[in-house]
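Engineer: Pasting input-v9.pdb below, which is PDB, C-alpha atoms, pLDDT in the B column.
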ATOM      1  CA  MET W   1     114.446  79.541 138.023  1.00 79.00           C
ATOM      2  CA  TYR W   2     111.929  81.814 136.335  1.00 81.00           C
ATOM      3  CA  CYS W   3     111.260  82.347 132.614  1.00 81.00           C
ATOM      4  CA  ARG W   4     112.938  85.493 131.375  1.00 77.00           C
ATOM      5  CA  LEU W   5     109.890  86.397 129.258  1.00 76.00           C
ATOM      6  CA  CYS W   6     106.717  85.468 131.121  1.00 77.00           C
ATOM      7  CA  GLY W   7     108.081  85.198 134.664  1.00 78.00           C
ATOM      8  CA  LYS W   8     106.604  81.784 135.474  1.00 83.00           C
ATOM      9  CA  GLN W   9     108.679  79.288 137.393  1.00 84.00           C
ATOM     10  CA  ILE W  10     110.323  76.685 135.152  1.00 86.00           C
ATOM     11  CA  GLY W  11     112.888  73.912 135.579  1.00 84.00           C
ATOM     12  CA  ASP W  12     116.553  74.816 135.917  1.00 84.00           C
ATOM     13  CA  GLU W  13     117.537  72.903 132.762  1.00 83.00           C
ATOM     14  CA  ASP W  14     114.597  73.953 130.533  1.00 83.00           C
ATOM     15  CA  LYS W  15     115.746  75.495 127.251  1.00 82.00           C
ATOM     16  CA  PHE W  16     112.239  76.731 126.416  1.00 81.00           C
ATOM     17  CA  CYS W  17     109.459  77.914 128.697  1.00 82.00           C
ATOM     18  CA  PRO W  18     106.590  75.395 128.733  1.00 82.00           C
ATOM     19  CA  TYR W  19     104.092  78.264 129.244  1.00 80.00           C
ATOM     20  CA  CYS W  20     105.072  80.908 126.688  1.00 79.00           C
ATOM     21  CA  GLY W  21     107.590  79.017 124.528  1.00 78.00           C
ATOM     22  CA  GLY W  22     110.282  81.644 125.045  1.00 79.00           C
ATOM     23  CA  ALA W  23     113.886  80.524 124.615  1.00 80.00           C
ATOM     24  CA  GLN W  24     116.022  80.670 127.730  1.00 81.00           C
ATOM     25  CA  GLU W  25     119.580  81.901 127.195  1.00 71.00           C
ATOM     26  CA  PHE W  26     122.361  79.734 128.578  1.00 59.00           C
ATOM     27  CA  SER W  27     126.005  80.581 129.003  1.00 51.00           C
ATOM     28  CA  ALA W  28     129.005  78.340 129.655  1.00 48.00           C
ATOM     29  CA  GLY W  29     128.600  78.757 133.414  1.00 47.00           C
ATOM     30  CA  GLY W  30     124.975  77.628 133.493  1.00 46.00           C
ATOM     31  CA  ALA W  31     121.705  79.384 132.955  1.00 43.00           C
ATOM     32  CA  GLN W  32     122.100  83.065 132.366  1.00 45.00           C
ATOM     33  CA  GLY W  33     120.085  84.945 134.906  1.00 44.00           C
ATOM     34  CA  ALA W  34     119.087  81.743 136.772  1.00 44.00           C
ATOM     35  CA  SER W  35     120.406  82.986 140.088  1.00 43.00           C
ATOM     36  CA  ALA W  36     119.071  86.506 139.692  1.00 43.00           C
ATOM     37  CA  PRO W  37     116.211  86.748 137.212  1.00 48.00           C
ATOM     38  CA  PHE W  38     114.451  90.071 136.712  1.00 48.00           C
ATOM     39  CA  GLY W  39     117.255  92.038 138.281  1.00 47.00           C
ATOM     40  CA  GLY W  40     117.645  90.161 141.572  1.00 45.00           C
ATOM     41  CA  ALA W  41     120.995  90.237 143.323  1.00 45.00           C
ATOM     42  CA  GLY W  42     122.970  88.154 145.771  1.00 47.00           C
ATOM     43  CA  GLY W  43     121.815  84.789 144.475  1.00 48.00           C
ATOM     44  CA  GLN W  44     118.208  85.374 145.519  1.00 49.00           C
ATOM     45  CA  GLU W  45     115.478  84.637 142.995  1.00 51.00           C
ATOM     46  CA  VAL W  46     113.018  87.442 142.496  1.00 49.00           C
ATOM     47  CA  PRO W  47     109.422  86.352 141.870  1.00 50.00           C
ATOM     48  CA  PRO W  48     107.687  87.632 138.744  1.00 50.00           C
ATOM     49  CA  LEU W  49     106.130  91.087 138.775  1.00 46.00           C
ATOM     50  CA  GLN W  50     102.428  91.379 139.483  1.00 45.00           C
ATOM     51  CA  GLY W  51      99.724  93.315 137.678  1.00 44.00           C
ATOM     52  CA  GLY W  52      98.936  94.050 134.067  1.00 45.00           C
ATOM     53  CA  GLY W  53     100.206  90.703 132.804  1.00 47.00           C
ATOM     54  CA  GLN W  54     102.379  87.883 133.928  1.00 49.00           C
ATOM     55  CA  ASN W  55     105.458  90.072 133.995  1.00 49.00           C
ATOM     56  CA  GLY W  56     103.771  93.406 134.658  1.00 51.00           C
ATOM     57  CA  SER W  57     104.041  94.586 131.053  1.00 53.00           C
ATOM     58  CA  GLY W  58     100.338  94.393 130.288  1.00 55.00           C
ATOM     59  CA  TYR W  59     100.978  92.281 127.176  1.00 55.00           C
ATOM     60  CA  GLY W  60     100.068  88.833 128.444  1.00 57.00           C
ATOM     61  CA  GLY W  61     103.493  87.935 129.782  1.00 56.00           C
ATOM     62  CA  TYR W  62     105.569  89.244 126.903  1.00 60.00           C
ATOM     63  CA  PRO W  63     107.815  92.273 127.301  1.00 62.00           C
ATOM     64  CA  TYR W  64     106.549  93.956 124.095  1.00 63.00           C
ATOM     65  CA  PRO W  65     103.110  94.355 122.541  1.00 65.00           C
ATOM     66  CA  PRO W  66     102.230  91.714 119.956  1.00 67.00           C
ATOM     67  CA  VAL W  67     103.056  92.612 116.361  1.00 69.00           C
ATOM     68  CA  SER W  68      99.965  93.121 114.215  1.00 79.00           C
ATOM     69  CA  ASP W  69     100.405  91.400 110.862  1.00 82.00           C
ATOM     70  CA  SER W  70      96.975  91.760 109.285  1.00 84.00           C
ATOM     71  CA  GLY W  71      98.203  91.885 105.694  1.00 82.00           C
ATOM     72  CA  SER W  72      95.900  94.809 104.940  1.00 87.00           C
ATOM     73  CA  ALA W  73      95.341  95.723 101.289  1.00 91.00           C
ATOM     74  CA  GLY W  74      96.191  99.306 102.236  1.00 92.00           C
ATOM     75  CA  TRP W  75      99.892  98.426 102.176  1.00 91.00           C
ATOM     76  CA  GLY W  76      99.454  97.151  98.614  1.00 92.00           C
ATOM     77  CA  VAL W  77      97.739 100.379  97.585  1.00 94.00           C
ATOM     78  CA  LEU W  78     100.530 102.419  99.173  1.00 93.00           C
ATOM     79  CA  GLY W  79     103.121 100.270  97.390  1.00 93.00           C
ATOM     80  CA  PHE W  80     101.268 100.732  94.082  1.00 94.00           C
ATOM     81  CA  PHE W  81     101.178 104.522  94.202  1.00 95.00           C
ATOM     82  CA  VAL W  82     104.608 104.944  95.822  1.00 94.00           C
ATOM     83  CA  PRO W  83     106.645 101.889  94.734  1.00 94.00           C
ATOM     84  CA  LEU W  84     109.811 102.987  96.523  1.00 95.00           C
ATOM     85  CA  VAL W  85     107.976 103.032  99.866  1.00 94.00           C
ATOM     86  CA  GLY W  86     106.464  99.615  99.084  1.00 94.00           C
ATOM     87  CA  LEU W  87     109.919  98.206  98.353  1.00 94.00           C
ATOM     88  CA  ILE W  88     111.357  99.663 101.560  1.00 95.00           C
ATOM     89  CA  LEU W  89     108.478  98.243 103.632  1.00 93.00           C
ATOM     90  CA  PHE W  90     108.920  94.876 101.938  1.00 94.00           C
ATOM     91  CA  LEU W  91     112.608  94.767 102.861  1.00 94.00           C
ATOM     92  CA  VAL W  92     112.132  96.061 106.416  1.00 93.00           C
ATOM     93  CA  TRP W  93     109.117  93.910 107.340  1.00 89.00           C
ATOM     94  CA  HIS W  94     110.198  90.721 105.560  1.00 87.00           C
ATOM     95  CA  ASP W  95     110.872  88.787 108.791  1.00 87.00           C
ATOM     96  CA  GLU W  96     108.775  90.715 111.312  1.00 86.00           C
ATOM     97  CA  LYS W  97     105.495  91.162 109.388  1.00 88.00           C
ATOM     98  CA  PRO W  98     105.469  88.726 106.450  1.00 90.00           C
ATOM     99  CA  ARG W  99     101.847  89.340 105.387  1.00 91.00           C
ATOM    100  CA  CYS W 100     102.115  93.138 105.364  1.00 92.00           C
ATOM    101  CA  SER W 101     105.510  92.837 103.722  1.00 92.00           C
ATOM    102  CA  LYS W 102     104.081  90.670 100.946  1.00 93.00           C
ATOM    103  CA  LYS W 103     101.202  93.099 100.277  1.00 94.00           C
ATOM    104  CA  ALA W 104     103.554  96.102 100.132  1.00 94.00           C
ATOM    105  CA  GLY W 105     105.993  94.225  97.868  1.00 94.00           C
ATOM    106  CA  ILE W 106     103.292  93.045  95.460  1.00 95.00           C
ATOM    107  CA  GLY W 107     101.812  96.548  95.350  1.00 95.00           C
ATOM    108  CA  ALA W 108     105.246  97.994  94.575  1.00 95.00           C
ATOM    109  CA  LEU W 109     105.889  95.421  91.838  1.00 96.00           C
ATOM    110  CA  ILE W 110     102.515  96.002  90.181  1.00 96.00           C
ATOM    111  CA  GLY W 111     102.983  99.758  90.558  1.00 95.00           C
ATOM    112  CA  VAL W 112     106.368  99.692  88.826  1.00 96.00           C
ATOM    113  CA  ILE W 113     105.006  97.580  85.966  1.00 96.00           C
ATOM    114  CA  VAL W 114     101.887  99.740  85.487  1.00 96.00           C
ATOM    115  CA  TRP W 115     103.757 103.039  85.745  1.00 94.00           C
ATOM    116  CA  PHE W 116     106.377 101.764  83.264  1.00 96.00           C
ATOM    117  CA  PHE W 117     103.802 100.732  80.667  1.00 96.00           C
ATOM    118  CA  LEU W 118     101.780 103.886  81.253  1.00 96.00           C
ATOM    119  CA  GLY W 119     104.915 105.949  80.608  1.00 95.00           C
ATOM    120  CA  VAL W 120     105.703 103.999  77.444  1.00 96.00           C
ATOM    121  CA  VAL W 121     102.158 104.401  76.103  1.00 95.00           C
ATOM    122  CA  LEU W 122     101.940 108.102  76.954  1.00 94.00           C
ATOM    123  CA  GLY W 123     105.420 108.713  75.551  1.00 93.00           C
ATOM    124  CA  THR W 124     104.530 106.946  72.315  1.00 93.00           C
ATOM    125  CA  VAL W 125     101.279 108.890  71.981  1.00 90.00           C
ATOM    126  CA  ALA W 126     103.118 112.125  72.631  1.00 89.00           C
ATOM    127  CA  VAL W 127     105.723 111.378  69.966  1.00 90.00           C
ATOM    128  CA  ILE W 128     103.105 110.414  67.378  1.00 90.00           C
ATOM    129  CA  VAL W 129     100.368 112.999  68.052  1.00 85.00           C
ATOM    130  CA  LEU W 130     102.244 116.017  69.410  1.00 83.00           C
ATOM    131  CA  PRO W 131     104.070 117.024  66.191  1.00 83.00           C
ATOM    132  CA  ASP W 132     100.809 117.048  64.224  1.00 81.00           C
ATOM    133  CA  VAL W 133      99.006 119.120  66.872  1.00 78.00           C
ATOM    134  CA  VAL W 134     101.883 121.577  67.196  1.00 78.00           C
ATOM    135  CA  GLY W 135     102.144 121.820  63.392  1.00 76.00           C
ATOM    136  CA  GLN W 136      98.447 122.626  63.038  1.00 76.00           C
ATOM    137  CA  TYR W 137      98.567 125.349  65.700  1.00 73.00           C
ATOM    138  CA  ALA W 138     101.754 126.794  64.242  1.00 70.00           C
ATOM    139  CA  ALA W 139     100.234 126.893  60.755  1.00 68.00           C
ATOM    140  CA  ALA W 140      97.066 128.548  62.033  1.00 70.00           C
ATOM    141  CA  ALA W 141      98.942 131.158  64.056  1.00 69.00           C
ATOM    142  CA  LEU W 142     101.462 132.199  61.437  1.00 66.00           C
ATOM    143  CA  PRO W 143     100.354 133.833  58.170  1.00 68.00           C
ATOM    144  CA  LEU W 144     101.651 132.156  55.059  1.00 61.00           C
ATOM    145  CA  PRO W 145     104.003 134.274  52.915  1.00 65.00           C
ATOM    146  CA  LEU W 146     102.723 135.160  49.451  1.00 60.00           C
TER     147      LEU W 146
END
Would you put the structure from the file into structure tokens?

Structural biologist:
Amino acid sequence: MYCRLCGKQIGDEDKFCPYCGGAQEFSAGGAQGASAPFGGAGGQEVPPLQGGGQNGSGYGGYPYPPVSDSGSAGWGVLGFFVPLVGLILFLVWHDEKPRCSKKAGIGALIGVIVWFFLGVVLGTVAVIVLPDVVGQYAAAALPLPL
């Protein structure tokens, strides 16, 4: 039979492809797709596709392009300035892109902490300073009664 991912010929009882490491699905009646891999019919095995890759996909034998998980600091910056987006990316990419997920999650966590403390400090300054400033301008603008 042929591997369902890379298209190379493998043993009939192999659970994993020795070339690409892809798991082969088995059902109760034997190997799933063993008699007709890649859309063959009538019990005839169809050889792997040619060109662009081992299975014709252009991605080195895999049906999808490889996932880029660079862990760029840009995801952390995005998570810092927009913590909700960082949290969503962390939850969505947790299994698929662990490095990018970690950067976005850390950026979101730091962003929430910084924005919280910045709000507390600015709120405290506003409560302490604003009444004095408003009082001075109000006193200067209104004439005092005699």

Engineer: Given the file shown, determine the residues that the PyMOL selection byres ((chain W and resi 15-24) around 7) selects; report them as a ChimeraX atom specification.

Structural biologist: /W:3-6,10,13-14,25-26

Engineer: Emit as AutoDock Vina command-line options the padded axis-aligned box for all listed atoms of region 114-133 of chain W, 4 Å per side, with centre and edge lengths in Å to one decimal.

Structural biologist:
--center_x 102.7 --center_y 109.4 --center_z 75.0 --size_x 15.4 --size_y 27.4 --size_z 29.5

Engineer: From the options W:Val114, W:Val82, W:Leu109, W:Ser72, which residue's atoms come nearest to Lys97 (chain W), counting only C-alpha atoms?

Structural biologist: W:Ser72

Engineer: Do you have the CA of Phe116 (chain W)-CA of Val129 (chain W) distance handy?

Structural biologist: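 Distance reported for this atom pair: 19.8 Å.
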
Engineer: For Gly105 (chain W), which residue out of W:Trp75, W:Leu118, W:Val125, W:Val133 is the nearest one, using all atoms listed in the file?

Structural biologist: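 Checking each of W:Trp75, W:Leu118, W:Val125, W:Val133 against Gly105 (chain W), counting all atoms listed in the file, the winner is W:Trp75.
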
Engineer: For a test of reading the model, state the distance in Å between CA of Ala126 (chain W) and CA of Ile110 (chain W), rounded to one decimal.

Structural biologist: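 We find that CA of Ala126 (chain W) and CA of Ile110 (chain W) lie 23.8 Å from each other.
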
Engineer: Nearest residue to Cys100 (chain W) out of W:Gly74, W:Thr124, W:Val112, W:Leu84, using all atoms listed in the file?

Structural biologist: W:Gly74

Engineer: Separation of CA of Arg99 (chain W) and CA of Ser68 (chain W), in Å?

Structural biologist: 9.8 Å

Engineer: Out of W:Asp69, W:Gly107, W:Val127, W:Ile113, which residue has the shortest atom-to-atom distance to Trp93 (chain W) when counting all atoms listed in the file?

Structural biologist: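 Looking at the shortest contact to Trp93 (chain W), the residue is W:Asp69.
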
Engineer: Expand the PyMOL selection byres ((chain W and resi 79) around 7) into the explicit residue set it covers here, and present it as a list in words.

Structural biologist: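 The output of the PyMOL selection byres ((chain W and resi 79) around 7) on this file is Trp75, Gly76, Val77, Leu78, Phe80, Phe81, Val82, Pro83, Val85, Gly86, Ala104, Gly105, Gly107, Ala108 and Gly111 of chain W.
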
Engineer: Could you please take those selected residues and save C-alpha atoms as an mmCIF file, in the frame of the given file?

Structural biologist:
data_model
loop_
_atom_site.group_PDB
_atom_site.id
_atom_site.type_symbol
_atom_site.label_atom_id
_atom_site.label_comp_id
_atom_site.auth_asym_id
_atom_site.auth_seq_id
_atom_site.Cartn_x
_atom_site.Cartn_y
_atom_site.Cartn_z
ATOM 1 C CA TRP W 75 99.892 98.426 102.176
ATOM 2 C CA GLY W 76 99.454 97.151 98.614
ATOM 3 C CA VAL W 77 97.739 100.379 97.585
ATOM 4 C CA LEU W 78 100.530 102.419 99.173
ATOM 5 C CA PHE W 80 101.268 100.732 94.082
ATOM 6 C CA PHE W 81 101.178 104.522 94.202
ATOM 7 C CA VAL W 82 104.608 104.944 95.822
ATOM 8 C CA PRO W 83 106.645 101.889 94.734
ATOM 9 C CA VAL W 85 107.976 103.032 99.866
ATOM 10 C CA GLY W 86 106.464 99.615 99.084
ATOM 11 C CA ALA W 104 103.554 96.102 100.132
ATOM 12 C CA GLY W 105 105.993 94.225 97.868
ATOM 13 C CA GLY W 107 101.812 96.548 95.350
ATOM 14 C CA ALA W 108 105.246 97.994 94.575
ATOM 15 C CA GLY W 111 102.983 99.758 90.558
#
